[in-house]
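Visitor: So that you have it, the file is query28.cif, and it contains mmCIF, C-alpha atoms and all ligand atoms:
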data_upload
#
loop_
_atom_site.label_atom_id
_atom_site.label_comp_id
_atom_site.auth_asym_id
_atom_site.auth_seq_id
_atom_site.Cartn_x
_atom_site.Cartn_y
_atom_site.Cartn_z
CA MET A 226 140.76 8.65 104.65
CA LYS A 227 140.53 6.47 107.65
CA LEU A 228 137.70 5.07 109.76
CA VAL A 229 138.07 6.12 113.37
CA ALA A 230 136.07 5.54 116.56
CA ILE A 231 134.50 8.69 117.94
CA GLN A 232 136.07 7.99 121.37
CA SER A 233 139.56 8.27 120.02
CA LEU A 234 139.08 11.58 118.18
CA SER A 235 141.07 14.55 119.35
CA PRO A 236 140.03 18.17 118.64
CA GLY A 237 141.55 19.69 115.51
CA VAL A 238 141.18 16.62 113.33
CA CYS A 239 139.24 17.09 110.08
CA LEU A 240 136.36 14.97 108.82
CA ALA A 241 137.04 13.41 105.43
CA LYS A 242 133.35 12.76 104.78
CA PRO A 243 130.42 14.89 105.89
CA ILE A 244 128.02 13.80 108.63
CA LEU A 245 124.52 13.56 107.17
CA ASP A 246 121.04 13.65 108.59
CA GLU A 247 118.70 10.79 107.76
CA ALA A 248 117.47 12.53 104.61
CA GLY A 249 121.02 12.82 103.29
CA ASN A 250 121.47 16.53 104.03
CA THR A 251 124.85 17.64 105.35
CA LEU A 252 124.97 18.37 109.08
CA ILE A 253 128.73 18.80 109.40
CA ASN A 254 130.89 19.45 106.37
CA ALA A 255 134.05 17.61 105.51
CA GLY A 256 137.30 19.49 105.95
CA ILE A 257 136.27 21.46 109.03
CA PRO A 258 138.46 20.90 112.10
CA LEU A 259 136.40 19.28 114.85
CA THR A 260 136.12 21.03 118.21
CA GLU A 261 135.60 19.27 121.51
CA THR A 262 131.98 20.50 121.54
CA ILE A 263 131.26 18.98 118.11
CA ILE A 264 132.89 15.69 119.09
CA ASN A 265 130.75 15.55 122.23
CA ARG A 266 127.60 16.35 120.24
CA LEU A 267 128.38 13.53 117.82
CA LYS A 268 128.85 11.14 120.74
CA GLN A 269 125.53 12.25 122.24
CA ARG A 270 123.77 11.71 118.92
CA GLY A 271 125.03 8.13 118.82
CA VAL A 272 127.74 8.41 116.16
CA THR A 273 130.19 5.55 116.67
CA PHE A 274 132.75 6.13 113.93
CA VAL A 275 133.64 8.80 111.39
CA TYR A 276 136.03 9.14 108.45
CA ILE A 277 138.95 11.45 109.05
CA GLY A 278 141.56 12.92 106.75
CA ASP A 279 144.95 11.37 107.36
CA LYS A 280 147.95 12.21 105.22
CA ARG A 281 149.02 8.58 104.94
CA THR A 282 145.63 7.50 103.61
CA ASN A 283 144.80 10.51 101.44
CA ASP A 284 144.52 8.41 98.32
CA ILE A 285 141.86 6.16 99.78
CA VAL A 286 138.38 7.23 98.75
CA VAL A 287 135.13 5.90 100.09
CA ASN A 288 132.27 6.12 97.60
CA SER A 289 128.64 5.39 98.40
CA THR A 290 127.52 2.06 96.94
CA ILE A 291 124.00 3.41 96.47
CA PRO A 292 123.66 6.94 95.05
CA LEU A 293 122.63 9.37 97.79
CA SER A 294 119.88 10.82 95.60
CA LEU A 295 118.23 7.41 95.24
CA ARG A 296 118.58 6.73 98.94
CA LYS A 297 116.96 10.09 99.63
CA LYS A 298 114.02 9.27 97.34
CA ALA A 299 113.61 5.89 99.02
CA MET A 300 113.58 7.49 102.47
CA LYS A 301 110.98 9.99 101.35
CA SER A 302 108.71 7.31 99.90
CA VAL A 303 108.74 5.31 103.16
CA GLU A 304 108.18 8.49 105.14
CA ASP A 305 105.17 9.36 102.95
CA VAL A 306 103.56 6.02 103.77
CA PHE A 307 104.01 6.75 107.45
CA GLN A 308 102.65 10.28 107.03
CA SER A 309 99.59 9.06 105.14
CA LEU A 310 98.75 6.83 108.05
CA GLN A 311 98.51 9.85 110.31
CA LYS A 312 95.56 11.27 108.40
CA LYS A 313 92.42 11.17 110.50
CA HIS A 314 89.93 11.27 107.64
CA LYS A 315 89.53 7.71 106.37
CA LYS A 316 88.96 8.48 102.68
CA THR A 317 91.96 10.82 102.54
CA ARG A 318 94.06 8.26 104.42
CA VAL A 319 93.22 5.39 102.08
CA ALA A 320 93.76 7.50 98.97
CA LEU A 321 97.12 8.80 100.21
CA LEU A 322 98.19 5.35 101.30
CA GLU A 323 97.47 3.85 97.90
CA GLN A 324 99.42 6.61 96.24
CA SER A 325 102.39 6.30 98.60
CA PHE A 326 102.47 2.51 98.25
CA ARG A 327 102.66 2.95 94.48
CA GLU A 328 105.63 5.25 94.98
CA VAL A 329 107.28 2.71 97.32
CA HIS A 330 106.93 0.07 94.60
CA LYS A 331 108.39 2.37 91.99
CA ILE A 332 111.39 3.30 94.12
CA GLY A 333 111.79 -0.32 95.26
CA ASN A 334 112.12 -1.30 91.58
CA GLN A 335 114.74 1.42 91.07
CA LEU A 336 116.72 0.02 93.99
CA VAL A 337 116.53 -3.43 92.38
CA ASP A 338 117.79 -1.98 89.07
CA GLU A 339 120.63 -0.29 90.89
CA MET A 340 121.57 -3.54 92.62
CA MET A 341 121.33 -5.60 89.45
CA ASN A 342 123.71 -3.23 87.67
CA ASN A 343 126.20 -3.11 90.49
CA ASP A 344 128.52 -6.01 91.22
CA ASP A 345 130.26 -4.36 94.16
CA VAL A 346 129.89 -5.90 97.58
CA LEU A 347 127.40 -3.80 99.52
CA SER A 348 128.59 -1.38 102.16
CA LEU A 349 126.28 1.08 103.87
CA LEU A 350 129.02 2.23 106.18
CA THR A 351 130.27 4.56 103.47
CA ASP A 352 128.22 7.46 104.84
CA VAL A 353 127.79 8.55 108.44
CA TYR A 354 124.24 9.44 109.47
CA ILE A 355 122.52 10.94 112.47
CA TYR A 356 118.89 9.88 112.73
CA ASP A 357 115.85 11.63 114.04
CA ASN A 358 113.50 8.95 112.92
CA TYR A 359 115.38 5.73 112.69
CA VAL A 360 112.49 3.75 111.17
CA PHE A 361 112.76 5.38 107.74
CA SER A 362 116.45 4.88 107.17
CA HIS A 363 116.24 1.43 108.77
CA SER A 364 113.53 0.47 106.26
CA VAL A 365 115.73 1.57 103.35
CA ASN A 366 118.86 -0.11 104.73
CA VAL A 367 116.98 -3.36 105.34
CA THR A 368 115.72 -3.20 101.76
CA LEU A 369 119.25 -2.80 100.39
CA TYR A 370 120.63 -5.62 102.52
CA ALA A 371 117.66 -7.87 101.71
CA LEU A 372 118.07 -7.21 97.98
CA SER A 373 121.77 -7.98 98.01
CA LEU A 374 121.11 -11.23 99.89
CA GLY A 375 118.24 -12.04 97.51
CA LYS A 376 120.49 -11.41 94.54
CA GLU A 377 123.25 -13.56 96.03
CA ILE A 378 120.91 -16.54 96.47
CA GLY A 379 119.80 -16.17 92.85
CA LEU A 380 116.34 -14.59 93.04
CA THR A 381 115.04 -13.34 89.70
CA GLN A 382 114.44 -9.66 89.05
CA PRO A 383 110.62 -9.95 89.45
CA ALA A 384 111.14 -11.79 92.75
CA LEU A 385 113.59 -9.13 93.91
CA GLU A 386 111.03 -6.45 93.11
CA LYS A 387 108.49 -8.18 95.33
CA LEU A 388 111.10 -8.63 98.04
CA GLY A 389 112.02 -4.94 97.78
CA ALA A 390 108.43 -3.82 98.32
CA GLY A 391 108.04 -6.18 101.29
CA ALA A 392 111.29 -4.96 102.84
CA MET A 393 110.49 -1.25 102.39
CA LEU A 394 107.21 -1.79 104.24
CA HIS A 395 108.26 -4.44 106.75
CA ASP A 396 108.12 -2.10 109.76
CA VAL A 397 105.10 -0.06 108.68
CA GLY A 398 103.20 -1.29 111.76
CA LYS A 399 105.59 0.74 113.90
CA MET A 400 103.63 3.81 112.93
CA LEU A 401 100.90 2.55 115.23
CA ILE A 402 103.25 2.10 118.20
CA PRO A 403 103.54 5.06 120.64
CA GLN A 404 106.54 7.28 119.82
CA ASP A 405 107.93 7.17 123.35
CA ILE A 406 108.25 3.39 123.16
CA LEU A 407 109.59 3.47 119.61
CA ASN A 408 112.31 5.98 120.44
CA LYS A 409 113.02 4.92 124.00
CA PRO A 410 116.75 4.87 124.57
CA GLY A 411 117.67 1.62 126.26
CA LYS A 412 115.81 -1.50 127.18
CA LEU A 413 112.03 -1.75 127.00
CA THR A 414 110.04 -3.03 129.99
CA ASP A 415 108.18 -6.35 129.48
CA GLU A 416 104.95 -4.44 129.01
CA GLU A 417 106.49 -2.06 126.45
CA PHE A 418 108.10 -4.93 124.57
CA LYS A 419 104.75 -6.71 124.40
CA LEU A 420 103.31 -3.62 122.73
CA MET A 421 106.32 -3.19 120.45
CA LYS A 422 105.93 -6.76 119.17
CA LYS A 423 102.49 -5.83 117.89
CA HIS A 424 104.02 -3.81 115.05
CA THR A 425 104.17 -7.09 113.11
CA THR A 426 100.43 -7.76 113.38
CA TYR A 427 99.53 -4.11 112.89
CA GLY A 428 101.64 -3.94 109.74
CA TYR A 429 100.11 -7.16 108.41
CA GLU A 430 96.57 -5.97 108.97
CA LEU A 431 97.24 -2.59 107.48
CA LEU A 432 98.88 -3.93 104.32
CA ARG A 433 96.34 -6.71 103.91
CA SER A 434 93.47 -4.27 103.94
CA THR A 435 95.00 -1.74 101.54
CA PRO A 436 94.01 -2.18 97.88
CA ASN A 437 96.82 -2.97 95.43
CA VAL A 438 99.26 -4.12 98.11
CA SER A 439 100.37 -7.70 97.64
CA MET A 440 99.71 -10.35 100.27
CA LEU A 441 103.42 -11.08 100.11
CA SER A 442 104.27 -7.62 101.45
CA ALA A 443 101.78 -8.14 104.26
CA THR A 444 103.41 -11.50 105.04
CA CYS A 445 106.87 -9.88 105.27
CA ALA A 446 105.54 -7.38 107.82
CA TYR A 447 103.89 -10.22 109.75
CA GLN A 448 106.78 -12.68 109.81
CA HIS A 449 110.04 -10.72 109.87
CA HIS A 450 110.55 -11.37 113.59
CA GLU A 451 109.83 -15.10 113.33
CA ARG A 452 112.85 -17.36 113.79
CA LEU A 453 113.61 -20.81 112.30
CA ASP A 454 113.48 -22.52 115.72
CA GLY A 455 110.14 -21.00 116.65
CA SER A 456 111.64 -18.52 119.11
CA GLY A 457 110.33 -15.47 117.25
CA TYR A 458 107.04 -13.58 117.24
CA PRO A 459 104.13 -12.97 116.78
CA LEU A 460 103.20 -16.59 116.06
CA GLY A 461 106.35 -18.53 116.96
CA ILE A 462 106.15 -20.44 113.65
CA LYS A 463 109.13 -22.50 112.43
CA GLU A 464 111.23 -23.39 109.38
CA GLU A 465 109.24 -23.82 106.18
CA ARG A 466 106.18 -22.10 107.62
CA ILE A 467 108.18 -18.88 107.43
CA HIS A 468 108.24 -17.38 103.93
CA LEU A 469 111.66 -17.16 102.26
CA PHE A 470 111.32 -13.37 101.96
CA SER A 471 110.59 -13.05 105.68
CA LYS A 472 113.75 -15.07 106.42
CA ILE A 473 115.77 -12.76 104.19
CA ILE A 474 114.31 -9.62 105.79
CA ALA A 475 114.95 -11.05 109.28
CA ILE A 476 118.68 -11.34 108.54
CA ALA A 477 118.82 -7.87 106.97
CA ASP A 478 116.85 -6.42 109.89
CA VAL A 479 119.08 -7.80 112.65
CA TYR A 480 122.25 -6.89 110.76
CA ASP A 481 121.17 -3.28 110.20
CA ALA A 482 119.98 -2.95 113.79
CA VAL A 483 123.37 -3.88 115.23
CA THR A 484 125.52 -2.03 112.69
CA SER A 485 123.63 1.30 112.75
CA ASN A 486 124.34 4.32 114.92
CA ARG A 487 121.93 4.53 117.84
CA VAL A 488 121.91 6.84 120.81
CA TYR A 489 121.88 4.06 123.39
CA ARG A 490 124.63 1.81 122.06
CA SER A 491 127.58 1.80 119.71
CA ALA A 492 127.28 0.51 116.19
CA LEU A 493 129.18 -2.67 115.39
CA LEU A 494 131.52 -3.02 112.44
CA PRO A 495 130.33 -5.31 109.61
CA HIS A 496 132.43 -8.31 110.68
CA GLU A 497 131.16 -7.91 114.25
CA GLY A 498 127.55 -7.66 113.05
CA LEU A 499 128.09 -10.88 111.10
CA GLU A 500 129.26 -12.59 114.27
CA ILE A 501 125.91 -11.79 115.89
CA LEU A 502 124.15 -13.42 112.93
CA TYR A 503 126.47 -16.45 113.05
CA ALA A 504 125.65 -16.86 116.76
CA GLY A 505 122.09 -17.59 115.62
CA ALA A 506 123.08 -19.69 112.58
CA GLY A 507 121.27 -23.00 112.42
CA SER A 508 118.90 -22.05 115.22
CA GLN A 509 117.37 -18.65 114.50
CA PHE A 510 118.68 -18.14 110.99
CA ASP A 511 119.48 -20.39 108.06
CA ARG A 512 123.25 -20.97 108.00
CA ASP A 513 123.51 -21.00 104.20
CA MET A 514 121.63 -17.74 104.02
CA ILE A 515 124.02 -16.10 106.47
CA SER A 516 126.96 -17.33 104.40
CA ALA A 517 125.33 -15.87 101.30
CA PHE A 518 124.79 -12.60 103.15
CA ARG A 519 128.46 -12.60 104.15
CA ARG A 520 129.43 -12.92 100.48
CA ALA A 521 127.14 -10.06 99.51
CA ILE A 522 128.31 -7.36 101.91
CA ALA A 523 131.65 -5.66 102.47
CA VAL A 524 132.97 -7.51 105.52
CA TYR A 525 135.81 -5.01 106.00
CA PRO A 526 134.90 -1.41 105.15
CA ILE A 527 137.26 0.83 103.20
CA GLY A 528 139.31 2.97 105.59
CA LEU A 529 139.48 0.34 108.34
CA PHE A 530 142.93 -0.14 109.89
CA VAL A 531 143.69 -3.86 110.09
CA THR A 532 146.43 -6.25 111.17
CA LEU A 533 147.24 -9.28 109.01
CA ASN A 534 148.33 -12.70 110.25
CA ASP A 535 151.92 -11.93 109.17
CA GLN A 536 151.77 -8.87 111.48
CA ARG A 537 151.76 -6.34 108.65
CA LYS A 538 149.35 -3.49 109.29
CA GLY A 539 147.48 -1.24 106.92
CA VAL A 540 144.21 0.28 105.80
CA VAL A 541 141.54 -1.37 103.65
CA SER A 542 141.85 0.56 100.40
CA LYS A 543 139.51 -1.10 97.88
CA GLN A 544 136.90 -3.84 97.80
CA ASN A 545 137.20 -6.89 95.61
CA LYS A 546 134.12 -7.58 93.52
CA GLY A 547 132.42 -10.72 94.71
CA LEU A 548 135.02 -11.43 97.40
CA SER A 549 133.62 -9.68 100.40
CA ASP A 550 136.34 -10.65 102.88
CA ARG A 551 139.40 -10.28 100.61
CA PRO A 552 139.81 -6.53 100.06
CA TYR A 553 142.95 -4.63 99.01
CA ILE A 554 145.11 -3.38 101.88
CA LEU A 555 147.45 -0.40 101.80
CA ILE A 556 150.30 -1.70 103.96
CA GLN A 557 151.69 0.99 106.24
CA GLU A 558 153.58 -0.93 108.90
CA GLU A 559 155.92 -3.86 108.54
CA GLU A 560 158.15 -5.48 111.17
CA ASP A 561 157.10 -2.78 113.67
CA ARG A 562 158.32 -0.08 111.34
CA ILE A 563 156.21 2.64 109.73
CA LEU A 564 156.89 2.58 106.00
CA ASP A 565 157.91 5.71 104.14
CA LYS A 566 156.29 4.33 101.05
CA PRO A 567 153.11 2.38 101.80
CA TYR A 568 152.24 -0.27 99.20
CA GLU A 569 149.01 -2.00 98.28
CA ILE A 570 148.37 -5.72 98.33
CA ASP A 571 145.39 -7.65 97.01
CA LEU A 572 144.18 -10.25 99.50
CA LYS A 573 142.55 -12.14 96.62
CA GLU A 574 146.05 -12.87 95.30
CA SER A 575 147.41 -13.90 98.71
CA PRO A 576 145.28 -16.78 99.95
CA THR A 577 147.41 -17.39 103.04
CA LEU A 578 146.98 -13.86 104.33
CA MET A 579 144.16 -13.11 106.70
CA ILE A 580 142.85 -10.12 108.58
CA ILE A 581 143.17 -10.97 112.26
CA SER A 582 142.13 -7.74 113.94
CA SER A 583 141.04 -4.18 113.35
CA ASP A 584 141.72 -0.92 115.12
CA LEU A 585 139.71 2.29 115.13
CA LYS A 586 142.26 4.52 116.87
CA GLN A 587 143.05 7.93 115.41
CA THR A 588 146.87 7.65 115.83
FE FE B 1 110.40 -5.07 112.94
#
Any chance you could give the structure as C-alpha cells?
Ligand SMILES: [Fe+2]
Guide:
Amino acid sequence: MKLVAIQSLSPGVCLAKPILDEAGNTLINAGIPLTETIINRLKQRGVTFVYIGDKRTNDIVVNSTIPLSLRKKAMKSVEDVFQSLQKKHKKTRVALLEQSFREVHKIGNQLVDEMMNNDDVLSLLTDVYIYDNYVFSHSVNVTLYALSLGKEIGLTQPALEKLGAGAMLHDVGKMLIPQDILNKPGKLTDEEFKLMKKHTTYGYELLRSTPNVSMLSATCAYQHHERLDGSGYPLGIKEERIHLFSKIIAIADVYDAVTSNRVYRSALLPHEGLEILYAGAGSQFDRDMISAFRRAIAVYPIGLFVTLNDQRKGVVSKQNKGLSDRPYILIQEEEDRILDKPYEIDLKESPTLMIISSDLKQT
C-alpha cells in the first residue's frame, strides 16, 4: 500500500486501509473503489492523506503501533471525564469525575505497559481518522507521543505512569470553553484566543480541586502551553520553572496538532511536523528533547514514496527499531527506469544514503 495525498486521488482507486471515526469505527471500508463524491467528502472532512492499494506495493503492510482496541478504550475514558463535567448536580458530578479519573489512570497505565513492551518507533499515521470531537483523540495522541518521548529520555515506569495521567488530562479545561470557539475552523479572533487560553487555568483548577488527582496532573494542564523562553501562557514562566512533564507534553501537543487531520488545514507529514518543532528548538523547546522525540517517532511513515540522494526512488516498506530516520525502502525506480523487480534496501546498512524528498502523488 502507498500513502497518497487526497488531492491527487482519482476516482476508481481503492483504499488499502479503512477510514475510521475518532472512536475507531469504520466509516469507509478498505477495498471499495472511491467515487468523486467520496473523495470530495473526505476533503471536506479534513482528510489529508489515505493509503491506497497499488500493485507495486502490495506487499507493504501498515500495522497500527498501538492496538485499536486500547486506543478506543483510552478515547472513551477521556470522553467520560468530559461527560462527567457536564453534569449539573454537584454531587453526581464529583462522584462521576472521581470514577472517570480512576479509569483514566488505569488506561494510562495500560498505555505505558504497551509502550514499555514495544520497541518500535511510534507512528500514529498508520490509521486515518475523521474527527467529530478532536479533543478526545488529541488527548490520546498527545499521551502516546509524550510517553514515547518520556521513555526515550529514560523516565522510569512509575514516572511514565504519572506522565501518562497528566497527558491524558492536559486539555480537560477545554470542556469549559464554548464549543463554537473550540471547533471554529480557522483563526480565532484576539478575544476568542484570550478565552481559549483559559483552558490551562480551568484545567488546573478543576484537577486541583478533585480528590485523588495528583498535583502533577494539575500542573501539566496548567503549564503545557508555557515555553522555555517565557513566550507561552498562562503565566509566561521560563526554563526550570516549567515542570519536565509539561515540557514533554508541550512537544507532544504541538507535534500532534500539526500532524493531525483538521478541517481548516492539511496535516503535515512527520518529518515536516518535526521541522516545526526544530524551528522552536533552543527558544520555545529544549533542543535535546526534540532530538529525543525525533528518535522516538517514525520520521518517515511506511507507504511514503521517497527519493534518495543517489536518485533512486521507492516506498518506505518497514521501520528500523530504534532508528527512526533509517527505514527500509522498496526501490522501484533506478536511473529513471521503473524496475520490473523492485528490491528492498535497509538504510541502516547504507550510511551514505539519505532520503532527500517525498512525494504523495497517486501515479
Ligand atoms: Fe492545550
Visitor: Counting all atoms listed in the file, which protein, DNA or RNA residues come within 12 Å of ligand FE 1 (chain B), given as a PyMOL selection string?
Guide: chain A and resi 359-361+363-364+367+391-400+402+407+418+421-429+445-451+457-459+471+474-479+481-482
Visitor: For segment 486-489 of chain A, find every residue with an atom within 7 Å (counting all atoms listed in the file), except residues of its own chain fewer than 4 positions away, and show them as an MDAnalysis selection string.
Guide: chainID A and resid 269:273 410:411
Visitor: Do you have, as a Markdown table, the list of residues of segment 372-484 of chain A lying at most 12 Å from segment 316-337 of chain A, each with its nearest atom pair and that distance in Å to one decimal, counting all atoms listed in the file and ordered by chain then number?
Guide:
| residue | atom | partner | partner_atom | distance |
| --- | --- | --- | --- | --- |
| A:Leu372 | CA | A:Val337 | CA | 6.9 |
| A:Ser373 | CA | A:Val337 | CA | 8.9 |
| A:Leu374 | CA | A:Val337 | CA | 11.8 |
| A:Gly375 | CA | A:Val337 | CA | 10.2 |
| A:Lys376 | CA | A:Val337 | CA | 9.2 |
| A:Leu380 | CA | A:Val337 | CA | 11.2 |
| A:Thr381 | CA | A:Val337 | CA | 10.4 |
| A:Gln382 | CA | A:Val337 | CA | 7.4 |
| A:Pro383 | CA | A:Asn334 | CA | 9.0 |
| A:Ala384 | CA | A:Val337 | CA | 10.0 |
| A:Leu385 | CA | A:Val337 | CA | 6.6 |
| A:Glu386 | CA | A:Asn334 | CA | 5.5 |
| A:Lys387 | CA | A:His330 | CA | 8.4 |
| A:Leu388 | CA | A:Gly333 | CA | 8.8 |
| A:Gly389 | CA | A:Gly333 | CA | 5.3 |
| A:Ala390 | CA | A:His330 | CA | 5.6 |
| A:Gly391 | CA | A:Gly333 | CA | 9.2 |
| A:Ala392 | CA | A:Gly333 | CA | 8.9 |
| A:Met393 | CA | A:Val329 | CA | 7.2 |
| A:Leu394 | CA | A:Val329 | CA | 8.3 |
| A:His395 | CA | A:Val329 | CA | 11.9 |
| A:Val397 | CA | A:Phe326 | CA | 11.1 |
| A:Leu431 | CA | A:Leu322 | CA | 10.1 |
| A:Leu432 | CA | A:Phe326 | CA | 9.6 |
| A:Ser434 | CA | A:Val319 | CA | 9.8 |
| A:Thr435 | CA | A:Glu323 | CA | 7.1 |
| A:Pro436 | CA | A:Glu323 | CA | 7.0 |
| A:Asn437 | CA | A:Glu323 | CA | 7.3 |
| A:Val438 | CA | A:Phe326 | CA | 7.4 |
| A:Ser439 | CA | A:Phe326 | CA | 10.4 |
| A:Ser442 | CA | A:His330 | CA | 10.6 |
Visitor: Using all atoms listed in the file, find the one residue out of A:Ile378, A:Val541, A:Leu494, A:Val238 that sits nearest to Leu529 of chain A.
Guide: A:Val541
Visitor: Give as JSON, numbers by chain every residue, naming chains and numbers as the document does, that has an atom within 12 Å of (135.0, -13.4, 94.2), counting only C-alpha atoms.
Guide: {"A": [344, 345, 346, 377, 519, 520, 521, 522, 523, 544, 545, 546, 547, 548, 549, 550, 551, 552, 572, 573, 574]}
Visitor: Let me make sure I understand: among A:Ile580, A:Asp246, A:Ile554, A:Ser302, which one has the smallest atom-to-atom distance to Leu533 of chain A if we use all atoms listed in the file?
Guide: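 Smallest separation from Leu533 of chain A among the options: A:Ile580.
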Visitor: I'd like the interatomic distance between atom CA of Tyr503 of chain A and atom CA of Ile515 of chain A, to a tenth of an Å.
Guide: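 Interatomic distance, atom CA of Tyr503 of chain A to atom CA of Ile515 of chain A: 7.0 Å.
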Visitor: In Å, how far is it from atom CA of Tyr370 of chain A to atom CA of Leu347 of chain A?
Guide: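 We find that atom CA of Tyr370 of chain A and atom CA of Leu347 of chain A lie 7.6 Å from each other.
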Visitor: Report, as JSON, the centre and edge lengths in Å (one decimal) of the axis-aligned box enclosing every listed atom of segment 559-566 of chain A, padded by 5 Å on each side.
Guide:
{"center_x": 157.1, "center_y": 0.1, "center_z": 107.4, "size_x": 12.4, "size_y": 21.2, "size_z": 22.6}
Visitor: So the first atom is atom CA of Gly507 of chain A and the second is atom CA of His468 of chain A; what is the distance between them in Å, to one decimal place?
Guide: 16.5 Å
Visitor: Write out as a PyMOL selection string the residues lying within 12 Å of Arg512 of chain A, counting all atoms listed in the file and excluding same-chain residues fewer than 6 positions away.
Guide: chain A and resi 453+472-473+476+499+502-506+518-519
Visitor: Excluding same-chain residues fewer than 5 positions from Tyr568 of chain A, what lies within 12 Å of it counting all atoms listed in the file, as an MDAnalysis selection string?
Guide: chainID A and resid 281:282 284 537:542 553:559 563
